Each structure stands twice: as C-alpha cells, then as structure tokens.
>>> print(open('work_10.pdb').read())   # PDB, C-alpha atoms, pLDDT in the B column
ATOM      1  CA  MET A   1     -20.882 -39.645  29.418  1.00 37.00           C
ATOM      2  CA  HIS A   2     -23.922 -41.906  29.473  1.00 39.00           C
ATOM      3  CA  PRO A   3     -24.395 -44.454  26.682  1.00 36.00           C
ATOM      4  CA  PRO A   4     -27.341 -43.788  24.356  1.00 37.00           C
ATOM      5  CA  LEU A   5     -30.825 -44.265  25.835  1.00 37.00           C
ATOM      6  CA  ILE A   6     -30.148 -46.105  29.052  1.00 41.00           C
ATOM      7  CA  VAL A   7     -32.502 -48.979  29.785  1.00 45.00           C
ATOM      8  CA  LEU A   8     -33.009 -49.216  33.510  1.00 55.00           C
ATOM      9  CA  PRO A   9     -31.323 -52.355  34.929  1.00 68.00           C
ATOM     10  CA  MET A  10     -34.404 -53.469  36.829  1.00 82.00           C
ATOM     11  CA  ARG A  11     -33.227 -56.654  38.518  1.00 86.00           C
ATOM     12  CA  LYS A  12     -29.860 -55.288  39.569  1.00 90.00           C
ATOM     13  CA  ALA A  13     -31.410 -52.034  40.763  1.00 92.00           C
ATOM     14  CA  LEU A  14     -34.043 -53.775  42.862  1.00 93.00           C
ATOM     15  CA  ALA A  15     -31.444 -55.980  44.523  1.00 94.00           C
ATOM     16  CA  HIS A  16     -29.313 -52.950  45.365  1.00 96.00           C
ATOM     17  CA  LEU A  17     -32.208 -50.916  46.786  1.00 96.00           C
ATOM     18  CA  LYS A  18     -33.435 -53.807  48.909  1.00 96.00           C
ATOM     19  CA  ARG A  19     -29.977 -54.296  50.390  1.00 97.00           C
ATOM     20  CA  ALA A  20     -29.367 -50.599  50.929  1.00 97.00           C
ATOM     21  CA  ASP A  21     -32.642 -49.522  52.525  1.00 97.00           C
ATOM     22  CA  PRO A  22     -35.150 -51.595  54.540  1.00 97.00           C
ATOM     23  CA  VAL A  23     -37.904 -49.023  53.983  1.00 97.00           C
ATOM     24  CA  LEU A  24     -37.538 -49.287  50.222  1.00 96.00           C
ATOM     25  CA  ALA A  25     -37.299 -53.056  50.528  1.00 97.00           C
ATOM     26  CA  ARG A  26     -40.726 -53.044  52.191  1.00 96.00           C
ATOM     27  CA  LEU A  27     -42.215 -50.731  49.559  1.00 96.00           C
ATOM     28  CA  ILE A  28     -40.832 -52.857  46.742  1.00 95.00           C
ATOM     29  CA  GLY A  29     -42.329 -55.977  48.283  1.00 94.00           C
ATOM     30  CA  GLU A  30     -45.753 -54.372  48.759  1.00 94.00           C
ATOM     31  CA  ILE A  31     -45.964 -52.464  45.471  1.00 93.00           C
ATOM     32  CA  GLY A  32     -44.570 -55.179  43.238  1.00 91.00           C
ATOM     33  CA  PRO A  33     -42.795 -54.929  39.866  1.00 88.00           C
ATOM     34  CA  CYS A  34     -41.538 -51.575  38.643  1.00 88.00           C
ATOM     35  CA  ARG A  35     -43.503 -50.382  35.597  1.00 87.00           C
ATOM     36  CA  ILE A  36     -42.227 -46.974  34.582  1.00 88.00           C
ATOM     37  CA  ARG A  37     -44.172 -45.533  31.658  1.00 87.00           C
ATOM     38  CA  PHE A  38     -41.739 -43.859  29.304  1.00 90.00           C
ATOM     39  CA  ILE A  39     -42.371 -41.098  26.774  1.00 89.00           C
ATOM     40  CA  GLU A  40     -40.635 -40.040  23.585  1.00 92.00           C
ATOM     41  CA  PRO A  41     -37.750 -37.658  24.438  1.00 93.00           C
ATOM     42  CA  ASP A  42     -38.743 -34.991  21.946  1.00 94.00           C
ATOM     43  CA  PHE A  43     -40.102 -31.475  21.472  1.00 94.00           C
ATOM     44  CA  GLU A  44     -43.662 -32.540  22.194  1.00 93.00           C
ATOM     45  CA  ALA A  45     -42.705 -33.925  25.613  1.00 92.00           C
ATOM     46  CA  LEU A  46     -41.267 -30.600  26.750  1.00 93.00           C
ATOM     47  CA  ALA A  47     -44.026 -28.544  25.125  1.00 92.00           C
ATOM     48  CA  LYS A  48     -46.548 -30.669  27.045  1.00 90.00           C
ATOM     49  CA  ALA A  49     -44.638 -30.139  30.294  1.00 90.00           C
ATOM     50  CA  ILE A  50     -44.830 -26.380  29.745  1.00 91.00           C
ATOM     51  CA  VAL A  51     -48.568 -26.484  29.022  1.00 91.00           C
ATOM     52  CA  TYR A  52     -49.200 -28.502  32.189  1.00 87.00           C
ATOM     53  CA  GLN A  53     -47.347 -26.105  34.485  1.00 85.00           C
ATOM     54  CA  GLN A  54     -49.572 -24.796  37.320  1.00 80.00           C
ATOM     55  CA  LEU A  55     -52.772 -26.211  35.815  1.00 79.00           C
ATOM     56  CA  SER A  56     -55.038 -29.061  36.818  1.00 80.00           C
ATOM     57  CA  GLY A  57     -54.561 -32.172  34.742  1.00 78.00           C
ATOM     58  CA  LYS A  58     -58.019 -31.906  33.160  1.00 87.00           C
ATOM     59  CA  VAL A  59     -57.626 -28.275  32.084  1.00 90.00           C
ATOM     60  CA  ALA A  60     -54.083 -28.831  30.820  1.00 88.00           C
ATOM     61  CA  ALA A  61     -55.142 -31.911  28.835  1.00 91.00           C
ATOM     62  CA  THR A  62     -57.888 -29.913  27.138  1.00 94.00           C
ATOM     63  CA  ILE A  63     -55.525 -27.106  26.144  1.00 94.00           C
ATOM     64  CA  PHE A  64     -52.856 -29.503  24.962  1.00 92.00           C
ATOM     65  CA  GLY A  65     -55.432 -31.397  22.905  1.00 92.00           C
ATOM     66  CA  ARG A  66     -56.344 -28.160  21.169  1.00 93.00           C
ATOM     67  CA  LEU A  67     -52.673 -27.491  20.492  1.00 94.00           C
ATOM     68  CA  GLU A  68     -52.239 -30.964  19.004  1.00 91.00           C
ATOM     69  CA  ALA A  69     -55.173 -30.384  16.689  1.00 91.00           C
ATOM     70  CA  ALA A  70     -54.051 -26.906  15.631  1.00 91.00           C
ATOM     71  CA  ALA A  71     -50.352 -27.656  15.200  1.00 85.00           C
ATOM     72  CA  GLY A  72     -50.740 -30.248  12.450  1.00 71.00           C
ATOM     73  CA  ASP A  73     -51.291 -33.982  12.233  1.00 73.00           C
ATOM     74  CA  GLY A  74     -51.772 -34.762  15.896  1.00 76.00           C
ATOM     75  CA  ARG A  75     -48.134 -34.270  16.843  1.00 86.00           C
ATOM     76  CA  VAL A  76     -46.896 -31.031  18.324  1.00 92.00           C
ATOM     77  CA  THR A  77     -43.783 -30.031  16.394  1.00 93.00           C
ATOM     78  CA  PRO A  78     -41.647 -26.885  16.478  1.00 95.00           C
ATOM     79  CA  GLU A  79     -42.636 -26.165  12.874  1.00 94.00           C
ATOM     80  CA  GLY A  80     -46.310 -26.491  13.739  1.00 94.00           C
ATOM     81  CA  VAL A  81     -46.010 -24.196  16.736  1.00 95.00           C
ATOM     82  CA  MET A  82     -44.144 -21.502  14.845  1.00 95.00           C
ATOM     83  CA  ALA A  83     -46.736 -21.617  12.058  1.00 94.00           C
ATOM     84  CA  LEU A  84     -49.415 -20.554  14.557  1.00 94.00           C
ATOM     85  CA  HIS A  85     -49.763 -16.843  15.278  1.00 94.00           C
ATOM     86  CA  PRO A  86     -49.574 -15.953  18.996  1.00 94.00           C
ATOM     87  CA  THR A  87     -53.204 -14.789  18.874  1.00 95.00           C
ATOM     88  CA  LYS A  88     -54.191 -18.271  17.699  1.00 95.00           C
ATOM     89  CA  LEU A  89     -52.197 -19.835  20.521  1.00 95.00           C
ATOM     90  CA  ARG A  90     -53.975 -17.520  22.973  1.00 96.00           C
ATOM     91  CA  ALA A  91     -57.306 -18.667  21.576  1.00 95.00           C
ATOM     92  CA  LEU A  92     -56.330 -22.251  22.371  1.00 95.00           C
ATOM     93  CA  GLY A  93     -56.101 -21.299  26.038  1.00 95.00           C
ATOM     94  CA  LEU A  94     -52.371 -20.749  26.447  1.00 95.00           C
ATOM     95  CA  SER A  95     -51.202 -17.842  28.553  1.00 94.00           C
ATOM     96  CA  ARG A  96     -48.924 -15.234  27.012  1.00 94.00           C
ATOM     97  CA  GLN A  97     -46.118 -16.490  29.236  1.00 94.00           C
ATOM     98  CA  LYS A  98     -46.493 -20.093  28.110  1.00 94.00           C
ATOM     99  CA  ILE A  99     -46.693 -19.015  24.497  1.00 95.00           C
ATOM    100  CA  ALA A 100     -43.348 -17.276  24.935  1.00 95.00           C
ATOM    101  CA  TYR A 101     -41.905 -20.397  26.557  1.00 95.00           C
ATOM    102  CA  ILE A 102     -43.101 -22.808  23.846  1.00 95.00           C
ATOM    103  CA  ARG A 103     -42.027 -20.514  21.023  1.00 96.00           C
ATOM    104  CA  ASP A 104     -38.593 -20.089  22.618  1.00 95.00           C
ATOM    105  CA  LEU A 105     -38.239 -23.871  22.785  1.00 95.00           C
ATOM    106  CA  ALA A 106     -39.396 -24.240  19.178  1.00 95.00           C
ATOM    107  CA  GLU A 107     -36.958 -21.590  17.933  1.00 95.00           C
ATOM    108  CA  ARG A 108     -34.043 -23.252  19.707  1.00 95.00           C
ATOM    109  CA  VAL A 109     -34.908 -26.609  18.151  1.00 95.00           C
ATOM    110  CA  LEU A 110     -35.314 -25.163  14.667  1.00 96.00           C
ATOM    111  CA  THR A 111     -32.023 -23.259  14.857  1.00 95.00           C
ATOM    112  CA  GLY A 112     -30.111 -26.261  16.173  1.00 93.00           C
ATOM    113  CA  GLY A 113     -29.642 -24.946  19.692  1.00 93.00           C
ATOM    114  CA  ILE A 114     -31.410 -28.028  21.004  1.00 94.00           C
ATOM    115  CA  ASP A 115     -30.885 -31.406  19.362  1.00 94.00           C
ATOM    116  CA  PHE A 116     -33.050 -34.090  20.948  1.00 94.00           C
ATOM    117  CA  PRO A 117     -31.392 -37.138  19.305  1.00 92.00           C
ATOM    118  CA  ALA A 118     -27.990 -35.830  20.426  1.00 93.00           C
ATOM    119  CA  MET A 119     -29.213 -35.623  24.040  1.00 93.00           C
ATOM    120  CA  GLU A 120     -29.124 -39.389  24.280  1.00 91.00           C
ATOM    121  CA  ARG A 121     -25.323 -39.079  24.233  1.00 93.00           C
ATOM    122  CA  LEU A 122     -25.108 -36.281  26.797  1.00 95.00           C
ATOM    123  CA  SER A 123     -24.601 -36.633  30.529  1.00 95.00           C
ATOM    124  CA  ASP A 124     -27.480 -35.758  32.855  1.00 96.00           C
ATOM    125  CA  GLN A 125     -25.748 -32.504  33.791  1.00 95.00           C
ATOM    126  CA  GLU A 126     -25.219 -31.566  30.158  1.00 95.00           C
ATOM    127  CA  VAL A 127     -28.914 -32.146  29.445  1.00 96.00           C
ATOM    128  CA  MET A 128     -29.772 -29.997  32.466  1.00 96.00           C
ATOM    129  CA  GLU A 129     -27.519 -27.178  31.301  1.00 95.00           C
ATOM    130  CA  SER A 130     -28.920 -27.289  27.771  1.00 94.00           C
ATOM    131  CA  LEU A 131     -32.607 -27.358  28.602  1.00 94.00           C
ATOM    132  CA  THR A 132     -32.662 -24.873  31.479  1.00 95.00           C
ATOM    133  CA  LYS A 133     -31.538 -22.208  28.997  1.00 93.00           C
ATOM    134  CA  VAL A 134     -35.072 -22.391  27.593  1.00 93.00           C
ATOM    135  CA  LYS A 135     -37.568 -19.976  29.105  1.00 89.00           C
ATOM    136  CA  GLY A 136     -39.978 -21.761  31.409  1.00 90.00           C
ATOM    137  CA  ILE A 137     -37.954 -24.958  31.809  1.00 93.00           C
ATOM    138  CA  GLY A 138     -36.451 -25.511  35.230  1.00 92.00           C
ATOM    139  CA  ALA A 139     -34.730 -28.328  37.067  1.00 92.00           C
ATOM    140  CA  TRP A 140     -37.955 -30.214  37.864  1.00 90.00           C
ATOM    141  CA  THR A 141     -39.007 -30.392  34.209  1.00 91.00           C
ATOM    142  CA  VAL A 142     -35.555 -31.579  33.182  1.00 94.00           C
ATOM    143  CA  HIS A 143     -35.540 -34.232  35.896  1.00 93.00           C
ATOM    144  CA  MET A 144     -38.870 -35.579  34.586  1.00 91.00           C
ATOM    145  CA  PHE A 145     -37.488 -35.534  31.024  1.00 93.00           C
ATOM    146  CA  LEU A 146     -34.387 -37.426  32.146  1.00 94.00           C
ATOM    147  CA  ILE A 147     -36.454 -40.071  33.939  1.00 92.00           C
ATOM    148  CA  PHE A 148     -39.386 -40.633  31.618  1.00 91.00           C
ATOM    149  CA  GLY A 149     -37.901 -39.527  28.296  1.00 92.00           C
ATOM    150  CA  LEU A 150     -34.201 -40.365  28.320  1.00 94.00           C
ATOM    151  CA  ARG A 151     -34.684 -43.270  30.768  1.00 93.00           C
ATOM    152  CA  ARG A 152     -31.719 -42.350  32.938  1.00 94.00           C
ATOM    153  CA  ALA A 153     -31.145 -44.644  35.896  1.00 93.00           C
ATOM    154  CA  ASP A 154     -29.842 -42.310  38.580  1.00 95.00           C
ATOM    155  CA  VAL A 155     -32.048 -39.206  38.646  1.00 96.00           C
ATOM    156  CA  MET A 156     -33.090 -37.748  41.995  1.00 95.00           C
ATOM    157  CA  PRO A 157     -35.704 -34.967  41.580  1.00 93.00           C
ATOM    158  CA  VAL A 158     -35.041 -33.440  44.991  1.00 94.00           C
ATOM    159  CA  GLY A 159     -37.413 -30.518  44.427  1.00 89.00           C
ATOM    160  CA  ASP A 160     -40.459 -32.658  43.650  1.00 91.00           C
ATOM    161  CA  LEU A 161     -43.104 -32.085  46.318  1.00 89.00           C
ATOM    162  CA  GLY A 162     -44.747 -35.462  45.769  1.00 91.00           C
ATOM    163  CA  LEU A 163     -41.468 -37.267  46.253  1.00 94.00           C
ATOM    164  CA  ARG A 164     -40.680 -35.311  49.401  1.00 94.00           C
ATOM    165  CA  ALA A 165     -44.162 -36.042  50.762  1.00 94.00           C
ATOM    166  CA  ALA A 166     -43.656 -39.733  50.023  1.00 96.00           C
ATOM    167  CA  ILE A 167     -40.339 -39.747  51.868  1.00 97.00           C
ATOM    168  CA  ARG A 168     -41.880 -38.010  54.865  1.00 96.00           C
ATOM    169  CA  ARG A 169     -44.659 -40.597  54.988  1.00 96.00           C
ATOM    170  CA  ALA A 170     -42.571 -43.696  54.324  1.00 96.00           C
ATOM    171  CA  TYR A 171     -39.857 -42.793  56.833  1.00 96.00           C
ATOM    172  CA  GLY A 172     -42.179 -41.354  59.471  1.00 96.00           C
ATOM    173  CA  LEU A 173     -40.588 -37.915  59.465  1.00 95.00           C
ATOM    174  CA  GLU A 174     -42.167 -35.087  61.457  1.00 95.00           C
ATOM    175  CA  ALA A 175     -41.606 -32.493  58.729  1.00 95.00           C
ATOM    176  CA  MET A 176     -41.223 -32.399  54.975  1.00 95.00           C
ATOM    177  CA  PRO A 177     -37.571 -33.120  54.141  1.00 96.00           C
ATOM    178  CA  SER A 178     -35.650 -30.345  52.407  1.00 96.00           C
ATOM    179  CA  PRO A 179     -34.083 -30.933  48.988  1.00 95.00           C
ATOM    180  CA  ALA A 180     -30.697 -31.134  50.710  1.00 96.00           C
ATOM    181  CA  GLU A 181     -31.991 -33.778  53.115  1.00 96.00           C
ATOM    182  CA  VAL A 182     -33.441 -35.774  50.219  1.00 96.00           C
ATOM    183  CA  GLU A 183     -30.095 -35.605  48.436  1.00 96.00           C
ATOM    184  CA  GLU A 184     -28.374 -36.928  51.553  1.00 96.00           C
ATOM    185  CA  MET A 185     -30.865 -39.790  51.900  1.00 95.00           C
ATOM    186  CA  ALA A 186     -30.400 -40.648  48.232  1.00 96.00           C
ATOM    187  CA  ARG A 187     -26.699 -41.408  48.662  1.00 96.00           C
ATOM    188  CA  LYS A 188     -27.503 -44.989  49.638  1.00 96.00           C
ATOM    189  CA  TRP A 189     -29.846 -45.436  46.644  1.00 97.00           C
ATOM    190  CA  ARG A 190     -27.297 -44.482  43.996  1.00 96.00           C
ATOM    191  CA  PRO A 191     -26.776 -45.404  41.213  1.00 95.00           C
ATOM    192  CA  TYR A 192     -30.493 -46.282  41.024  1.00 95.00           C
ATOM    193  CA  CYS A 193     -32.278 -43.161  42.270  1.00 96.00           C
ATOM    194  CA  THR A 194     -34.768 -43.253  39.412  1.00 95.00           C
ATOM    195  CA  MET A 195     -36.252 -46.543  40.581  1.00 94.00           C
ATOM    196  CA  ALA A 196     -36.199 -45.412  44.204  1.00 96.00           C
ATOM    197  CA  SER A 197     -38.130 -42.299  43.161  1.00 96.00           C
ATOM    198  CA  TRP A 198     -40.698 -44.366  41.269  1.00 95.00           C
ATOM    199  CA  TYR A 199     -41.415 -46.591  44.257  1.00 96.00           C
ATOM    200  CA  LEU A 200     -41.726 -43.615  46.558  1.00 96.00           C
ATOM    201  CA  TRP A 201     -44.176 -41.914  44.183  1.00 94.00           C
ATOM    202  CA  ARG A 202     -46.185 -45.118  43.894  1.00 94.00           C
ATOM    203  CA  SER A 203     -46.322 -45.447  47.672  1.00 94.00           C
ATOM    204  CA  LEU A 204     -48.573 -42.391  47.779  1.00 90.00           C
ATOM    205  CA  GLU A 205     -51.064 -44.134  45.476  1.00 84.00           C
ATOM    206  CA  THR A 206     -51.261 -47.376  47.436  1.00 64.00           C
ATOM    207  CA  ASP A 207     -51.770 -48.633  50.960  1.00 53.00           C
ATOM    208  CA  ALA A 208     -48.082 -49.499  51.197  1.00 45.00           C
ATOM    209  CA  ASN A 209     -47.547 -47.218  54.178  1.00 41.00           C
ATOM    210  CA  LEU A 210     -50.791 -47.967  56.042  1.00 35.00           C
TER     211      LEU A 210
END
>>> encode(input="work_10.pdb", output="structure tokens")
Amino acid sequence: MHPPLIVLPMRKALAHLKRADPVLARLIGEIGPCRIRFIEPDFEALAKAIVYQQLSGKVAATIFGRLEAAAGDGRVTPEGVMALHPTKLRALGLSRQKIAYIRDLAERVLTGGIDFPAMERLSDQEVMESLTKVKGIGAWTVHMFLIFGLRRADVMPVGDLGLRAAIRRAYGLEAMPSPAEVEEMARKWRPYCTMASWYLWRSLETDANL
C-alpha cells in the first residue's frame, strides 16, 4: 500500500536518476528543475480526460468549458452531470459515446463504486483496477491520473506515444520502442519513473536533444 498522497521526493529522485542513466542525467542538467503541475484527483479530472479523448486541445477545451458552465457553479460534479439530460449534453458538443462514459463514471461515484478520497490509500494497481471498470477509461488515463492527480512517484505510462517518441529521440533509437521495451528500460529508473517520464516529455519541448 502507498501512504496517502505521495509527494514526489525530488532531490532523492534526481540523484538516483542521474546515477542510473547518463542520458537522463544530461536531460536533467539541460532542462533544469522538475516542475510537475498537479491536478485535483477528483471526478472532474477524469471527466475532463474523457472529454479530451481524440480531440484537439482547443476543441476539447471549448466543449469542457460548456460542460463546466452547464453542470453548475464552474465545477463539474457527478450530481451536475446526472442533472443534465443526454440531449443537453449532446448540445454541448459531447458525442453519444462520451456521454455514456461520463454518465457511467458519475453513476459509479454517486453509488459509492468509486471513492476518490479513498484512492489516496490504494496501491497503483488497485487504482488501475478500480478505474478501468469505467467505460471509456483505459490504462493511459489512469496512468495520467496517478501521476498528476495522486502524485505517485513510480508510474511508467508505457503506452504513451509522446513518451515513446521522447525515448526514441533521446536514446537515438532507429524505431519507436514498444511498451515492453520501455518497461525494460524503466527498470533502472525505478522507483522514480514518474520523474523520468516528466523529463522525457519535457525533452520534446526543448532543445535538450539538439
């Protein structure tokens, strides 16, 4: 079991990653301090993740803004979602599939099937098992929730295309690494895969590999 709401051990993690991997050591030196932006680990975070699936950021932000306005006082809650008729949700720009996903999530929260405060006491695997029962929530979404919501220190989102692209670039690989290959590479980063992931993502936004 993880203790409640892990705060990433920045200094210790950086020292470990620098010792374990010269490529990461270079990225850390060039990118600078780790500044992960966290979110509240709640219903709204997962509802937003569902809305953003397979949409451009601009379009998704517009739709989610409409949902925030329609669902109540600027916060998207399960009660607010369930109070909106599906035709109203469609009018906001949500697809029928995403409406089903968000309503399924809301129903599970309202009936006690999902308890966000209790998740802070669950292991990563237990959170994964709980949330992937919800329609429309897969491993990638849960990994993002673990990293940015629950602030877990050792999450390796092996299926993330951006992360895999960053690894290919940073390590000079000829082809995109498979999830299994990423998992194997991550063995030397544990127990601080979250910070390793953050630096690899950031490397795509900087000149760190040029």
>>> resolve_selection(input="work_10.pdb", expression="the PyMOL selection byres ((chain A and resi 93-103) around 7)", output="NGL selection string")
:A and (47 or 50-51 or 63 or 81-82 or 86 or 89-92 or 104-107 or 135-136)
>>> resolve_selection(input="work_10.pdb", expression="the PyMOL selection byres ((chain A and resi 158) around 6)", output="list in words")
Met156, Pro157, Gly159, Asp160, Pro179 and Val182 of chain A
>>> write_last_selection(input="work_10.pdb", atoms="C-alpha atoms", output="mmCIF file, keeping the file's coordinate frame")
data_model
loop_
_atom_site.group_PDB
_atom_site.id
_atom_site.type_symbol
_atom_site.label_atom_id
_atom_site.label_comp_id
_atom_site.auth_asym_id
_atom_site.auth_seq_id
_atom_site.Cartn_x
_atom_site.Cartn_y
_atom_site.Cartn_z
ATOM 1 C CA MET A 156 -33.090 -37.748 41.995
ATOM 2 C CA PRO A 157 -35.704 -34.967 41.580
ATOM 3 C CA GLY A 159 -37.413 -30.518 44.427
ATOM 4 C CA ASP A 160 -40.459 -32.658 43.650
ATOM 5 C CA PRO A 179 -34.083 -30.933 48.988
ATOM 6 C CA VAL A 182 -33.441 -35.774 50.219
#
>>> resolve_selection(input="work_10.pdb", expression="the PyMOL selection byres ((chain A and resi 36-46) around 6)", output="VMD selection string")
chain A and resid 35 47 to 49 76 116 148 to 150
>>> closest_residue(input="work_10.pdb", among="A:Gln54, A:Thr111, A:Thr132, A:Thr194", to="Leu146 (chain A)", atoms="only C-alpha atoms")
A:Thr194
>>> atom_distance(input="work_10.pdb", atom1="CA of Ala153 (chain A)", atom2="CA of Met195 (chain A)")
7.2 Å
>>> residues_around(input="work_10.pdb", residues="Ile114 (chain A)", least_positions_apart="3", cutoff="9 Å", atoms="all atoms listed in the file", output="list of chain:residue names")
A:Leu105, A:Arg108, A:Val109, A:Leu110, A:Thr111, A:Ala118, A:Met119, A:Ser130, A:Leu131
>>> closest_atom_pairs(input="work_10.pdb", of="region 73-177 of chain A", to="region 19-33 of chain A", cutoff="12 Å", atoms="all atoms listed in the file", output="Markdown table")
| residue | atom | partner | partner_atom | distance |
| --- | --- | --- | --- | --- |
| A:Ala166 | CA | A:Leu27 | CA | 11.1 |
| A:Ile167 | CA | A:Val23 | CA | 9.8 |
| A:Arg168 | CA | A:Val23 | CA | 11.7 |
| A:Arg169 | CA | A:Val23 | CA | 10.8 |
| A:Ala170 | CA | A:Val23 | CA | 7.1 |
| A:Tyr171 | CA | A:Val23 | CA | 7.1 |
| A:Gly172 | CA | A:Val23 | CA | 10.4 |
>>> residues_around(input="work_10.pdb", residues="Cys193 (chain A)", least_positions_apart="2", cutoff="9 Å", atoms="all atoms listed in the file", output="PyMOL selection string")
chain A and resi 17+153-157+186-191+195-198
>>> atom_distance(input="work_10.pdb", atom1="CA of Arg164 (chain A)", atom2="CA of Met176 (chain A)")
6.3 Å
>>> closest_residue(input="work_10.pdb", among="A:Ala83, A:Ala61, A:Ala165, A:Ile147", to="Leu200 (chain A)", atoms="all atoms listed in the file")
A:Ala165
>>> atom_distance(input="work_10.pdb", atom1="CA of Gly162 (chain A)", atom2="CA of Trp201 (chain A)")
6.7 Å
>>> axis_aligned_box(input="work_10.pdb", around="region 94-106 of chain A", padding_each_side="3 Å", output="lines of an AutoDock Vina configuration file")
center_x = -45.3
center_y = -19.7
center_z = 24.2
size_x = 20.1
size_y = 15.0
size_z = 16.1
